[in-house]
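K.L.:
Pasting structure-v4.txt here (compact mmCIF, C-alpha atoms and all ligand atoms):
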# COMPACT_ATOMS: atom_id res chain seq x y z
CA MET A 1276 -1.55 1.43 -23.35
CA TYR A 1277 -3.16 2.64 -20.12
CA LYS A 1278 -2.94 6.39 -19.56
CA VAL A 1279 -2.57 7.03 -15.85
CA PHE A 1280 -2.25 10.28 -13.90
CA ILE A 1281 -1.03 10.37 -10.29
CA ASN A 1282 -2.78 13.03 -8.23
CA GLY A 1283 -0.34 13.69 -5.37
CA TYR A 1284 3.42 13.24 -5.25
CA GLY A 1285 4.25 12.39 -1.65
CA ILE A 1286 5.53 9.13 -0.16
CA ILE A 1287 3.08 6.96 -2.14
CA GLY A 1288 2.69 9.10 -5.29
CA SER A 1289 6.44 9.36 -5.92
CA ARG A 1290 6.84 5.58 -5.63
CA LEU A 1291 3.97 4.96 -8.01
CA ALA A 1292 5.49 7.40 -10.50
CA SER A 1293 8.88 5.59 -10.41
CA VAL A 1294 7.29 2.29 -11.26
CA LEU A 1295 4.66 3.41 -13.79
CA SER A 1296 7.21 5.49 -15.71
CA LYS A 1297 9.13 2.30 -16.55
CA ASP A 1298 6.16 0.07 -17.31
CA ASN A 1299 5.65 -0.84 -20.99
CA GLU A 1300 1.91 -1.25 -20.44
CA THR A 1301 1.36 2.25 -19.01
CA LYS A 1302 1.79 5.80 -20.19
CA LEU A 1303 2.34 8.01 -17.17
CA VAL A 1304 0.45 11.21 -18.07
CA GLY A 1305 2.14 13.04 -15.21
CA ILE A 1306 1.92 13.85 -11.52
CA ALA A 1307 0.18 16.58 -9.51
CA LYS A 1308 1.92 18.93 -7.13
CA TYR A 1309 0.16 21.31 -4.77
CA SER A 1310 3.17 23.01 -3.11
CA PRO A 1311 6.02 24.58 -5.10
CA ASP A 1312 8.77 22.86 -3.12
CA GLU A 1313 11.91 20.82 -3.90
CA LYS A 1314 9.84 17.73 -4.78
CA THR A 1315 8.49 19.65 -7.80
CA GLN A 1316 12.01 19.94 -9.18
CA ASP A 1317 12.65 16.29 -8.31
CA ALA A 1318 9.66 15.28 -10.45
CA ILE A 1319 10.75 17.51 -13.35
CA ASN A 1320 14.30 16.13 -13.16
CA ARG A 1321 12.90 12.62 -13.43
CA GLY A 1322 11.15 13.61 -16.64
CA TYR A 1323 7.57 13.65 -15.31
CA ARG A 1324 5.07 16.22 -16.54
CA VAL A 1325 3.92 18.24 -13.53
CA PHE A 1326 0.32 19.47 -13.30
CA VAL A 1327 -0.90 21.87 -10.63
CA PRO A 1328 -4.27 23.34 -9.55
CA ASN A 1329 -5.26 26.42 -11.55
CA LYS A 1330 -5.07 28.68 -8.51
CA HIS A 1331 -1.39 27.72 -7.93
CA ILE A 1332 -0.08 28.02 -11.50
CA LYS A 1333 1.23 31.58 -11.02
CA GLU A 1334 3.06 30.62 -7.83
CA PHE A 1335 4.77 27.65 -9.50
CA LYS A 1336 5.77 29.78 -12.50
CA LYS A 1337 7.12 32.49 -10.16
CA ASN A 1338 9.38 29.80 -8.70
CA ASN A 1339 10.57 28.96 -12.25
CA PHE A 1340 9.03 25.51 -12.39
CA ASP A 1341 8.23 24.24 -15.85
CA ILE A 1342 4.57 23.26 -15.48
CA ALA A 1343 2.76 21.09 -18.05
CA GLY A 1344 -0.76 22.29 -17.26
CA ASN A 1345 -3.60 22.19 -14.75
CA ILE A 1346 -5.12 19.17 -13.02
CA GLU A 1347 -8.26 19.16 -15.22
CA GLU A 1348 -6.12 18.80 -18.36
CA ALA A 1349 -4.25 15.84 -16.92
CA VAL A 1350 -7.46 14.13 -15.78
CA ILE A 1351 -9.06 14.57 -19.22
CA GLU A 1352 -5.97 13.03 -20.87
CA SER A 1353 -6.10 9.95 -18.62
CA ASP A 1354 -8.00 6.66 -18.52
CA LEU A 1355 -7.55 6.34 -14.77
CA VAL A 1356 -6.30 8.54 -11.94
CA ILE A 1357 -4.47 7.24 -8.92
CA ASP A 1358 -5.40 9.55 -6.10
CA ALA A 1359 -2.33 9.63 -3.83
CA SER A 1360 -3.36 12.71 -1.92
CA SER A 1361 -2.93 13.40 1.75
CA GLU A 1362 -5.75 11.71 3.71
CA GLY A 1363 -9.21 13.18 3.28
CA ASN A 1364 -8.72 14.90 -0.10
CA GLY A 1365 -9.89 11.92 -2.14
CA TYR A 1366 -13.57 12.74 -1.83
CA LYS A 1367 -13.08 16.39 -2.89
CA ASN A 1368 -11.05 15.23 -5.88
CA LYS A 1369 -13.67 12.67 -6.85
CA VAL A 1370 -16.41 15.30 -6.84
CA LYS A 1371 -14.31 17.96 -8.56
CA TYR A 1372 -12.46 15.93 -11.18
CA TYR A 1373 -13.03 12.20 -11.53
CA ARG A 1374 -16.84 12.07 -11.58
CA PRO A 1375 -17.43 15.14 -13.80
CA PHE A 1376 -14.88 13.93 -16.38
CA GLY A 1377 -16.07 10.31 -16.18
CA LYS A 1378 -12.68 8.89 -15.17
CA LYS A 1379 -11.90 5.82 -13.11
CA ALA A 1380 -9.98 6.38 -9.90
CA ILE A 1381 -8.05 4.44 -7.28
CA PHE A 1382 -8.04 5.93 -3.78
CA GLN A 1383 -5.62 5.12 -0.96
CA GLY A 1384 -6.31 3.59 2.44
CA GLY A 1385 -6.71 6.94 4.22
CA GLU A 1386 -10.04 7.64 2.47
CA ASP A 1387 -13.54 6.81 3.71
CA ARG A 1388 -15.38 3.69 2.66
CA TYR A 1389 -18.64 4.68 4.42
CA GLY A 1390 -20.50 7.89 5.29
CA LYS A 1391 -20.93 11.18 3.48
CA LYS A 1392 -17.39 11.20 2.16
CA SER A 1393 -17.30 7.63 0.98
CA VAL A 1394 -15.17 7.43 -2.18
CA ALA A 1395 -15.83 3.84 -3.31
CA GLU A 1396 -17.92 0.78 -2.61
CA ILE A 1397 -15.07 -1.69 -2.37
CA ILE A 1398 -11.65 -1.98 -0.68
CA HIS A 1399 -9.13 -3.98 -2.69
CA ASN A 1400 -6.77 -6.62 -1.35
CA SER A 1401 -5.15 -8.48 -4.24
CA ARG A 1402 -4.85 -11.72 -2.27
CA ILE A 1403 -8.57 -11.81 -1.49
CA ASN A 1404 -10.90 -9.88 -3.79
CA TYR A 1405 -8.92 -8.93 -6.92
CA ASP A 1406 -11.65 -10.42 -9.16
CA LYS A 1407 -14.37 -8.26 -7.61
CA THR A 1408 -12.62 -5.04 -8.72
CA LYS A 1409 -12.60 -5.94 -12.44
CA GLY A 1410 -13.90 -3.07 -14.55
CA LYS A 1411 -14.96 -1.01 -11.48
CA ASP A 1412 -14.88 2.81 -11.67
CA PHE A 1413 -13.85 3.63 -8.09
CA VAL A 1414 -11.89 1.43 -5.70
CA ILE A 1415 -9.99 2.04 -2.45
CA GLN A 1416 -6.65 0.30 -2.18
CA GLY A 1417 -6.49 -1.08 1.37
CA SER A 1418 -3.85 0.48 3.63
CA CYS A 1419 -0.42 -1.09 4.14
CA ASN A 1420 -1.64 -2.83 7.31
CA VAL A 1421 -4.81 -4.18 5.72
CA THR A 1422 -2.76 -5.37 2.73
CA GLY A 1423 -0.30 -7.13 5.02
CA MET A 1424 -3.02 -8.80 7.09
CA GLY A 1425 -4.59 -10.17 3.91
CA LYS A 1426 -1.33 -11.78 2.83
CA ILE A 1427 -1.22 -13.78 6.07
CA ILE A 1428 -4.88 -14.32 6.92
CA GLN A 1429 -6.13 -15.49 3.51
CA PRO A 1430 -3.71 -18.45 3.15
CA LEU A 1431 -4.59 -19.46 6.73
CA ILE A 1432 -8.31 -19.35 5.95
CA GLU A 1433 -7.80 -21.36 2.76
CA ASN A 1434 -5.94 -24.08 4.68
CA TYR A 1435 -7.62 -24.13 8.12
CA LYS A 1436 -11.00 -22.42 7.72
CA ASP A 1437 -12.95 -25.02 9.69
CA SER A 1438 -10.70 -25.06 12.74
CA ILE A 1439 -9.90 -21.33 13.16
CA LYS A 1440 -11.98 -19.72 15.92
CA ARG A 1441 -10.62 -16.17 15.92
CA PHE A 1442 -7.80 -13.85 14.89
CA ASP A 1443 -6.34 -11.21 17.25
CA VAL A 1444 -3.84 -8.78 15.77
CA ASN A 1445 -1.69 -6.12 17.41
CA LEU A 1446 -0.48 -3.65 14.81
CA ILE A 1447 2.72 -1.98 16.02
CA ARG A 1448 3.03 0.97 13.68
CA ARG A 1449 5.87 3.36 12.84
CA TRP A 1450 5.40 6.99 13.84
CA ALA A 1451 6.51 8.50 10.52
CA ASP A 1452 8.13 7.41 7.27
CA LEU A 1453 11.87 7.85 6.64
CA GLU A 1454 11.34 10.75 4.22
CA ASP A 1455 8.72 12.42 6.44
CA LYS A 1456 9.70 15.76 7.87
CA LYS A 1457 7.41 15.31 10.87
CA GLU A 1458 8.95 14.78 14.28
CA VAL A 1459 8.89 11.34 15.89
CA LYS A 1460 7.33 11.81 19.32
CA ASP A 1461 8.81 9.92 22.26
CA SER A 1462 5.61 8.14 23.23
CA ILE A 1463 3.65 4.95 22.66
CA GLU A 1464 0.18 5.94 21.52
CA TRP A 1465 -2.91 3.83 21.08
CA ASP A 1466 -5.82 4.03 18.71
CA LYS A 1467 -9.16 3.63 20.44
CA ASP A 1468 -10.93 2.66 17.23
CA PRO A 1469 -8.49 1.30 14.63
CA HIS A 1470 -10.01 1.49 11.13
CA HIS A 1471 -8.07 -1.62 10.09
CA GLN A 1472 -10.55 -4.00 11.74
CA ASP A 1473 -13.58 -2.55 9.90
CA ASP A 1474 -11.64 -2.25 6.64
CA PHE A 1475 -10.63 -5.90 6.81
CA LYS A 1476 -14.15 -7.02 7.69
CA ASP A 1477 -15.34 -5.13 4.64
CA ILE A 1478 -13.16 -7.43 2.55
CA VAL A 1479 -13.84 -10.64 4.53
CA PRO A 1480 -17.29 -10.02 6.07
CA ASN A 1481 -17.75 -12.91 8.50
CA ILE A 1482 -14.27 -13.13 9.93
CA ASN A 1483 -13.87 -13.25 13.70
CA LEU A 1484 -11.11 -10.63 13.86
CA TYR A 1485 -10.04 -8.21 16.59
CA VAL A 1486 -7.42 -5.54 15.90
CA ASP A 1487 -5.52 -3.24 18.28
CA ALA A 1488 -3.13 -0.61 16.97
CA LEU A 1489 -0.22 1.13 18.68
CA LYS A 1490 2.07 3.80 17.28
CA VAL A 1491 5.72 3.65 18.42
CA PRO A 1492 8.63 6.09 17.99
CA SER A 1493 10.17 4.55 14.87
CA ARG A 1494 10.36 5.32 11.15
CA MET A 1495 11.12 1.73 10.17
CA MET A 1496 8.17 -0.43 9.10
CA HIS A 1497 5.33 -1.96 11.08
CA LEU A 1498 5.30 -5.21 13.05
CA HIS A 1499 2.09 -7.25 13.34
CA GLN A 1500 1.68 -9.77 16.13
CA MET A 1501 -1.08 -12.17 15.17
CA THR A 1502 -2.64 -14.72 17.52
CA ILE A 1503 -4.86 -17.39 15.95
CA ARG A 1504 -7.06 -19.55 18.14
CA PHE A 1505 -8.00 -23.00 16.85
CA SER A 1506 -10.81 -25.39 17.82
CA LYS A 1507 -8.29 -28.27 17.60
CA SER A 1508 -4.49 -28.47 17.53
CA PRO A 1509 -2.90 -25.67 15.49
CA PRO A 1510 -0.58 -26.62 12.61
CA SER A 1511 3.09 -27.21 13.39
CA LYS A 1512 5.67 -24.56 12.59
CA ASP A 1513 6.94 -26.63 9.62
CA ALA A 1514 3.44 -27.07 8.19
CA LEU A 1515 2.84 -23.35 8.53
CA LEU A 1516 6.07 -22.36 6.81
CA LYS A 1517 5.25 -24.70 3.94
CA ILE A 1518 2.02 -22.80 3.29
CA PHE A 1519 3.86 -19.53 2.95
CA GLN A 1520 6.97 -20.64 1.09
CA ASP A 1521 5.54 -19.81 -2.36
CA GLU A 1522 3.26 -16.95 -1.35
CA PHE A 1523 3.67 -13.91 -3.59
CA GLY A 1524 4.89 -10.92 -1.58
CA VAL A 1525 5.65 -12.90 1.59
CA ALA A 1526 9.25 -13.63 2.65
CA ILE A 1527 10.22 -15.98 5.48
CA LEU A 1528 13.16 -14.58 7.41
CA ASN A 1529 15.08 -16.06 10.30
CA ASN A 1530 16.96 -14.10 12.95
CA ALA A 1531 16.59 -10.57 11.62
CA LYS A 1532 17.15 -8.25 14.60
CA GLY A 1533 14.33 -5.84 13.90
CA THR A 1534 12.48 -3.72 11.37
CA GLY A 1535 15.32 -1.18 11.19
CA GLU A 1536 17.78 -3.84 10.10
CA ILE A 1537 15.47 -5.03 7.31
CA ARG A 1538 14.86 -1.50 6.02
CA LYS A 1539 18.61 -0.77 6.05
CA LYS A 1540 19.28 -4.05 4.24
CA ALA A 1541 16.75 -3.10 1.54
CA ILE A 1542 18.54 0.24 1.11
CA GLU A 1543 21.96 -1.49 1.03
CA LEU A 1544 20.66 -3.96 -1.58
CA LYS A 1545 19.53 -0.95 -3.65
CA PHE A 1546 15.89 -1.98 -3.75
CA GLU A 1547 14.04 0.98 -5.29
CA HIS A 1548 13.14 3.61 -2.63
CA GLY A 1549 14.56 1.18 -0.03
CA ASP A 1550 11.33 -0.84 -0.17
CA THR A 1551 10.95 -4.61 -0.03
CA ASN A 1552 7.26 -4.25 -1.09
CA MET A 1553 6.27 -7.26 1.03
CA VAL A 1554 5.67 -8.72 4.48
CA HIS A 1555 8.36 -10.73 6.24
CA ILE A 1556 7.37 -13.58 8.53
CA HIS A 1557 9.91 -13.84 11.37
CA SER A 1558 10.18 -17.61 11.70
CA GLU A 1559 11.96 -17.61 15.08
CA LEU A 1560 8.90 -15.89 16.58
CA ILE A 1561 6.36 -18.51 15.48
CA ARG A 1562 4.88 -20.15 18.58
CA VAL A 1563 2.45 -23.03 18.92
CA GLN A 1564 0.97 -23.03 22.44
CA GLU A 1565 -1.95 -25.35 23.22
CA ASP A 1566 -4.80 -24.15 20.94
CA ILE A 1567 -2.99 -20.98 19.89
CA LEU A 1568 -0.66 -20.13 17.02
CA LYS A 1569 1.33 -16.88 17.15
CA ILE A 1570 2.86 -15.32 14.05
CA SER A 1571 4.85 -12.09 13.90
CA TYR A 1572 5.66 -10.41 10.61
CA SER A 1573 6.97 -7.03 9.58
CA ASP A 1574 5.13 -4.97 7.01
CA ASP A 1575 6.98 -2.57 4.68
CA GLN A 1576 4.58 0.32 5.14
CA THR A 1577 5.81 2.51 2.26
CA GLY A 1578 6.28 -0.29 -0.26
CA MET A 1579 3.35 -2.64 0.38
CA VAL A 1580 0.65 -0.81 -1.53
CA ILE A 1581 2.66 0.05 -4.65
CA PRO A 1582 2.34 -3.40 -6.35
CA GLU A 1583 -1.27 -3.47 -5.10
CA ASN A 1584 -2.10 -0.24 -6.95
CA TYR A 1585 -0.43 -1.69 -10.04
CA LEU A 1586 -2.51 -4.88 -9.85
CA LEU A 1587 -5.64 -2.78 -9.40
CA ILE A 1588 -4.93 -0.91 -12.66
CA GLN A 1589 -4.71 -4.28 -14.46
CA SER A 1590 -8.08 -5.24 -13.00
CA MET A 1591 -10.00 -1.96 -13.37
CA LEU A 1592 -8.77 -1.10 -16.87
CA GLY A 1593 -7.69 -4.40 -18.40
CA LYS A 1594 -9.95 -6.86 -16.54
CA LYS A 1595 -6.92 -9.15 -16.60
CA PRO A 1596 -7.01 -12.51 -14.78
CA ARG A 1597 -5.13 -12.36 -11.49
CA ASN A 1598 -2.35 -14.75 -12.54
CA GLU A 1599 -1.60 -12.65 -15.61
CA ALA A 1600 -1.58 -9.44 -13.56
CA ILE A 1601 0.74 -11.04 -10.97
CA LYS A 1602 3.19 -12.03 -13.74
CA LEU A 1603 3.32 -8.45 -15.04
CA CYS A 1604 3.65 -7.16 -11.50
CA ASP A 1605 6.55 -9.47 -10.75
CA LYS A 1606 8.31 -8.49 -13.95
CA LEU A 1607 8.10 -4.85 -12.95
CA PHE A 1608 8.82 -5.10 -9.21
CA GLY A 1609 11.07 -8.18 -9.13
CA LEU A 1610 9.25 -9.36 -6.01
CA LYS A 1611 10.23 -13.02 -6.35
CA ARG A 1612 13.87 -12.02 -6.80
CA LYS A 1613 13.74 -9.70 -3.78
CA LYS A 1614 12.12 -12.44 -1.69
CA LYS A 1615 14.92 -14.86 -2.64
CA VAL A 1616 17.65 -12.34 -1.79
CA LEU A 1617 16.10 -11.51 1.59
CA GLU A 1618 15.53 -15.18 2.47
CA LYS A 1619 19.15 -15.95 1.56
CA THR A 1620 20.35 -13.09 3.78
CA TYR A 1621 18.25 -14.17 6.76
CA TYR A 1622 18.11 -17.97 6.61
N1 LIG B 1701 3.00 6.66 3.81
C1 LIG B 1701 2.66 5.40 3.85
O1 LIG B 1701 3.43 4.56 4.29
C2 LIG B 1701 1.32 4.95 3.34
C3 LIG B 1701 1.11 3.58 3.18
C4 LIG B 1701 -0.11 3.12 2.67
C5 LIG B 1701 -1.10 4.04 2.36
N2 LIG B 1701 -0.89 5.37 2.56
C6 LIG B 1701 -1.99 6.28 2.18
O2 LIG B 1701 -1.65 6.94 0.97
C7 LIG B 1701 -2.18 8.27 0.96
C8 LIG B 1701 -1.04 9.24 0.71
O3 LIG B 1701 -0.12 9.13 1.78
P1 LIG B 1701 1.37 9.68 1.67
O4 LIG B 1701 2.10 9.11 2.83
O5 LIG B 1701 1.91 9.51 0.31
O6 LIG B 1701 1.11 11.24 1.96
P2 LIG B 1701 2.11 12.44 1.77
O7 LIG B 1701 3.52 11.97 1.67
O8 LIG B 1701 1.76 13.43 2.81
O9 LIG B 1701 1.73 13.04 0.33
C9 LIG B 1701 0.48 13.57 0.08
C10 LIG B 1701 0.50 14.30 -1.24
O10 LIG B 1701 -0.80 14.85 -1.47
C11 LIG B 1701 -0.63 16.07 -2.15
N3 LIG B 1701 -1.85 16.84 -2.02
C12 LIG B 1701 -2.18 17.88 -1.22
N4 LIG B 1701 -3.44 18.29 -1.46
C13 LIG B 1701 -3.93 17.47 -2.43
C14 LIG B 1701 -5.17 17.37 -3.12
N5 LIG B 1701 -6.19 18.17 -2.85
N6 LIG B 1701 -5.28 16.39 -4.05
C15 LIG B 1701 -4.29 15.57 -4.38
N7 LIG B 1701 -3.08 15.63 -3.76
C16 LIG B 1701 -2.92 16.56 -2.79
C17 LIG B 1701 0.59 16.70 -1.50
O11 LIG B 1701 1.13 17.61 -2.43
P3 LIG B 1701 2.24 18.70 -2.07
O12 LIG B 1701 3.37 17.95 -1.44
O13 LIG B 1701 2.60 19.26 -3.39
O14 LIG B 1701 1.59 19.67 -1.14
C18 LIG B 1701 1.48 15.45 -1.33
O15 LIG B 1701 2.27 15.25 -2.47
C19 LIG B 1701 -2.93 8.43 2.29
O16 LIG B 1701 -4.29 8.08 2.11
C20 LIG B 1701 -2.26 7.41 3.19
O17 LIG B 1701 -3.11 6.96 4.22
C21 LIG B 1701 0.30 5.85 3.01
Can you give me the file's structure in the form of structure tokens?
P.N.:
Amino acid sequence: MYKVFINGYGIIGSRLASVLSKDNETKLVGIAKYSPDEKTQDAINRGYRVFVPNKHIKEFKKNNFDIAGNIEEAVIESDLVIDASSEGNGYKNKVKYYRPFGKKAIFQGGEDRYGKKSVAEIIHNSRINYDKTKGKDFVIQGSCNVTGMGKIIQPLIENYKDSIKRFDVNLIRRWADLEDKKEVKDSIEWDKDPHHQDDFKDIVPNINLYVDALKVPSRMMHLHQMTIRFSKSPPSKDALLKIFQDEFGVAILNNAKGTGEIRKKAIELKFEHGDTNMVHIHSELIRVQEDILKISYSDDQTGMVIPENYLLIQSMLGKKPRNEAIKLCDKLFGLKRKKKVLEKTYY
């Protein structure tokens, strides 16, 4: 059994805890909290052991929280730590805990791949480089957008490598997550240097890819508009849909009205945390125009990386073959079932 500790219990950490606590292959050592707020009680009520930094123990106890110990103790007890901290803390945690105690760690997409605060030498995308992460000590799980791009780009490369000239992607990103307390600003904001392009090129080095990113006042998922230029005629819409019909973690939906409707549907269908955990190709938006193919798909920002982190554990600790890891992942997340339900709803 893999002993895993989750360092951080926010949007991503709480989702990882839900899933790992029910997995037969994993023992969830516990979760880390840094602020003695209502989410601490939520974790305790769910039966998780809560670990806090030494300097905060008194404060948590003063607030009557039943604390299991400090972060060092949890790290020592674990085989691997999933760092689900707010962006930028991963490096500090690596230096303070993971490296000194000789523990493997998975970092999230907000951490640095290069420079002084680089946390790992590889970014994982299960559709592209799962095998390269086998047995590794430190790996970054690509962000939700990088994960989503991989699910669409890799099958296209596998089928049309010789005739694709370039990929252009506009990432239309939500301002905040549904559970986020931060205000959604009434503005469309751009990113002058989106990290997603470099992150993706780190995974697929020679790809001719250009990414622009915009943030819009919404809490409901991302939408990616991808334009693919071909050196000869692009595939037809039918040929394209055939490629994606059996893709793991990709649903093909027709006539959904928008990202908000899909998120609300996932909540209504009682998908855990209201996540679909996948990308959804919107088939009515596929366009073939001269040498160009346009694909639009929505990307469940909060859910996308949760199965990815799970697959990464199977690779880093168990060195499992990808097909075996995918089977375990599907058993736990029910992704194929969710895909079927969504495709039946929007057909
Ligand atoms: N939100 C998304 O949709 C999404 C999607 C893909 C990837 N990501 C990435 O996942 C990471 C986490 O994002 P999030 O949205 O889950 O953030 P979040 O909701 O703000 O949660 C961050 C958590 O980090 C904890 N924390 C604070 N200081 C810490 C430290 N030194 N070490 C460890 N944990 C610490 C906070 O604890 P307290 O609450 O107790 O203070 C909080 O629970 C980021 O790298 C982000 O880029 C996020």
K.L.:
Residues within 9 Å of ligand LIG 1701 (chain B) (all atoms listed in the file), as a PyMOL selection string?
P.N.:
chain A and resi 1281-1290+1307-1312+1314-1315+1327-1328+1358-1365+1367-1368+1382-1386+1416-1420+1422+1449+1451-1452+1454-1455+1496+1575-1581
K.L.:
My list of candidates is A:Pro1596, A:Pro1492, A:Gly1524, A:Gly1344. Which is closest to Gly1609 in chain A when distances are computed with all atoms listed in the file?
P.N.:
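Looking at the shortest contact to Gly1609 in chain A, the residue is A:Gly1524.
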K.L.:
Tell me which of A:Cys1604, A:Ser1506, A:Glu1458, A:Ser1438 sits closest to Asn1584 in chain A, counting all atoms listed in the file.
P.N.:
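Going through A:Cys1604, A:Ser1506, A:Glu1458, A:Ser1438 one by one, the smallest distance to Asn1584 in chain A is for A:Cys1604.
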K.L.:
What is the CA of Gln1520 in chain A to CA of Leu1560 in chain A distance in Å?
P.N.:
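Distance reported for this atom pair: 16.3 Å.
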K.L.:
Quick one: residues within 10 Å of Glu1618 in chain A, all atoms listed in the file counted, chain neighbours fewer than 5 positions away excluded, as a PDB file with C-alpha atoms, in the frame of the given file?
P.N.:
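Saved result, selection.pdb, follows:
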ATOM      1  CA  ALA A1526       9.250 -13.630   2.650  1.00  0.00           C
ATOM      2  CA  ILE A1527      10.220 -15.980   5.480  1.00  0.00           C
ATOM      3  CA  LEU A1528      13.160 -14.580   7.410  1.00  0.00           C
ATOM      4  CA  ASN A1529      15.080 -16.060  10.300  1.00  0.00           C
ATOM      5  CA  HIS A1555       8.360 -10.730   6.240  1.00  0.00           C
ATOM      6  CA  ARG A1612      13.870 -12.020  -6.800  1.00  0.00           C
ATOM      7  CA  LYS A1613      13.740  -9.700  -3.780  1.00  0.00           C
TER       8      LYS A1613
END
K.L.:
Hey, which of A:Leu1453, A:Lys1595, A:Val1304, A:Lys1490 ends up closest to Lys1467 in chain A? Count all atoms listed in the file.
P.N.:
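That would be A:Lys1490, the residue with the smallest distance to Lys1467 in chain A.
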K.L.:
If we count only C-alpha atoms, what is near Ile1601 in chain A at a cut-off of 12 Å, once residues fewer than 2 positions away on the same chain are taken out, given as a list in words?
P.N.:
Ser1401, Arg1402, Tyr1405, Glu1522, Phe1523, Gly1524, Pro1582, Glu1583, Asn1584, Tyr1585, Leu1586, Leu1587, Ile1588, Gln1589, Ser1590, Lys1595, Pro1596, Arg1597, Asn1598, Glu1599, Leu1603, Cys1604, Asp1605, Lys1606, Leu1607, Phe1608, Gly1609, Leu1610 and Lys1611 of chain A
K.L.:
Interatomic distance between CA of Asn1552 in chain A and CA of Gly1535 in chain A?
P.N.:
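Going from CA of Asn1552 in chain A over to CA of Gly1535 in chain A, I get 15.0 Å.
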K.L.:
Do a neighbour search on Asp1437 in chain A at 10 Å with only C-alpha atoms, toss out local chain neighbours closer than 4 positions, and write the hits as a list of chain:residue names.
P.N.:
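Contacts, in chain order: A:Ile1432, A:Glu1433, A:Phe1505, A:Ser1506, A:Lys1507.
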K.L.:
Counting only C-alpha atoms, which of A:Asp1443, A:Glu1559, A:Asp1412, A:Asp1387 gets nearest to Ala1531 in chain A?
P.N.:
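Under the stated criterion, the closest residue is A:Glu1559.
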K.L.:
Taking into account only C-alpha atoms, which residue in the set A:Leu1568, A:Val1394, A:Val1554, A:Val1294 is nearest to Lys1426 in chain A?
P.N.:
A:Val1554
K.L.:
Using only C-alpha atoms, which protein or nucleic acid residues come within 9 Å of Lys1302 in chain A? Drop anything in the same chain fewer than 2 positions from it, and give the result as a PyMOL selection string.
P.N.:
chain A and resi 1276-1280+1295-1300+1304-1305
K.L.:
Selection from above, C-alpha atoms, as a PDB file, keeping the file's coordinate frame, can you write it?
P.N.:
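Final output, saved to part.pdb:
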ATOM      1  CA  MET A1276      -1.550   1.430 -23.350  1.00  0.00           C
ATOM      2  CA  TYR A1277      -3.160   2.640 -20.120  1.00  0.00           C
ATOM      3  CA  LYS A1278      -2.940   6.390 -19.560  1.00  0.00           C
ATOM      4  CA  VAL A1279      -2.570   7.030 -15.850  1.00  0.00           C
ATOM      5  CA  PHE A1280      -2.250  10.280 -13.900  1.00  0.00           C
ATOM      6  CA  LEU A1295       4.660   3.410 -13.790  1.00  0.00           C
ATOM      7  CA  SER A1296       7.210   5.490 -15.710  1.00  0.00           C
ATOM      8  CA  LYS A1297       9.130   2.300 -16.550  1.00  0.00           C
ATOM      9  CA  ASP A1298       6.160   0.070 -17.310  1.00  0.00           C
ATOM     10  CA  ASN A1299       5.650  -0.840 -20.990  1.00  0.00           C
ATOM     11  CA  GLU A1300       1.910  -1.250 -20.440  1.00  0.00           C
ATOM     12  CA  VAL A1304       0.450  11.210 -18.070  1.00  0.00           C
ATOM     13  CA  GLY A1305       2.140  13.040 -15.210  1.00  0.00           C
TER      14      GLY A1305
END
K.L.:
Residues within 10 Å of Asp1477 in chain A, please, as a count of residues only. Count only C-alpha atoms; anything in the same chain fewer than 6 positions from it doesn't count.
P.N.:
6
K.L.:
To one decimal place, how far is CA of Tyr1622 in chain A from CA of Lys1569 in chain A in Å?
P.N.:
19.8 Å
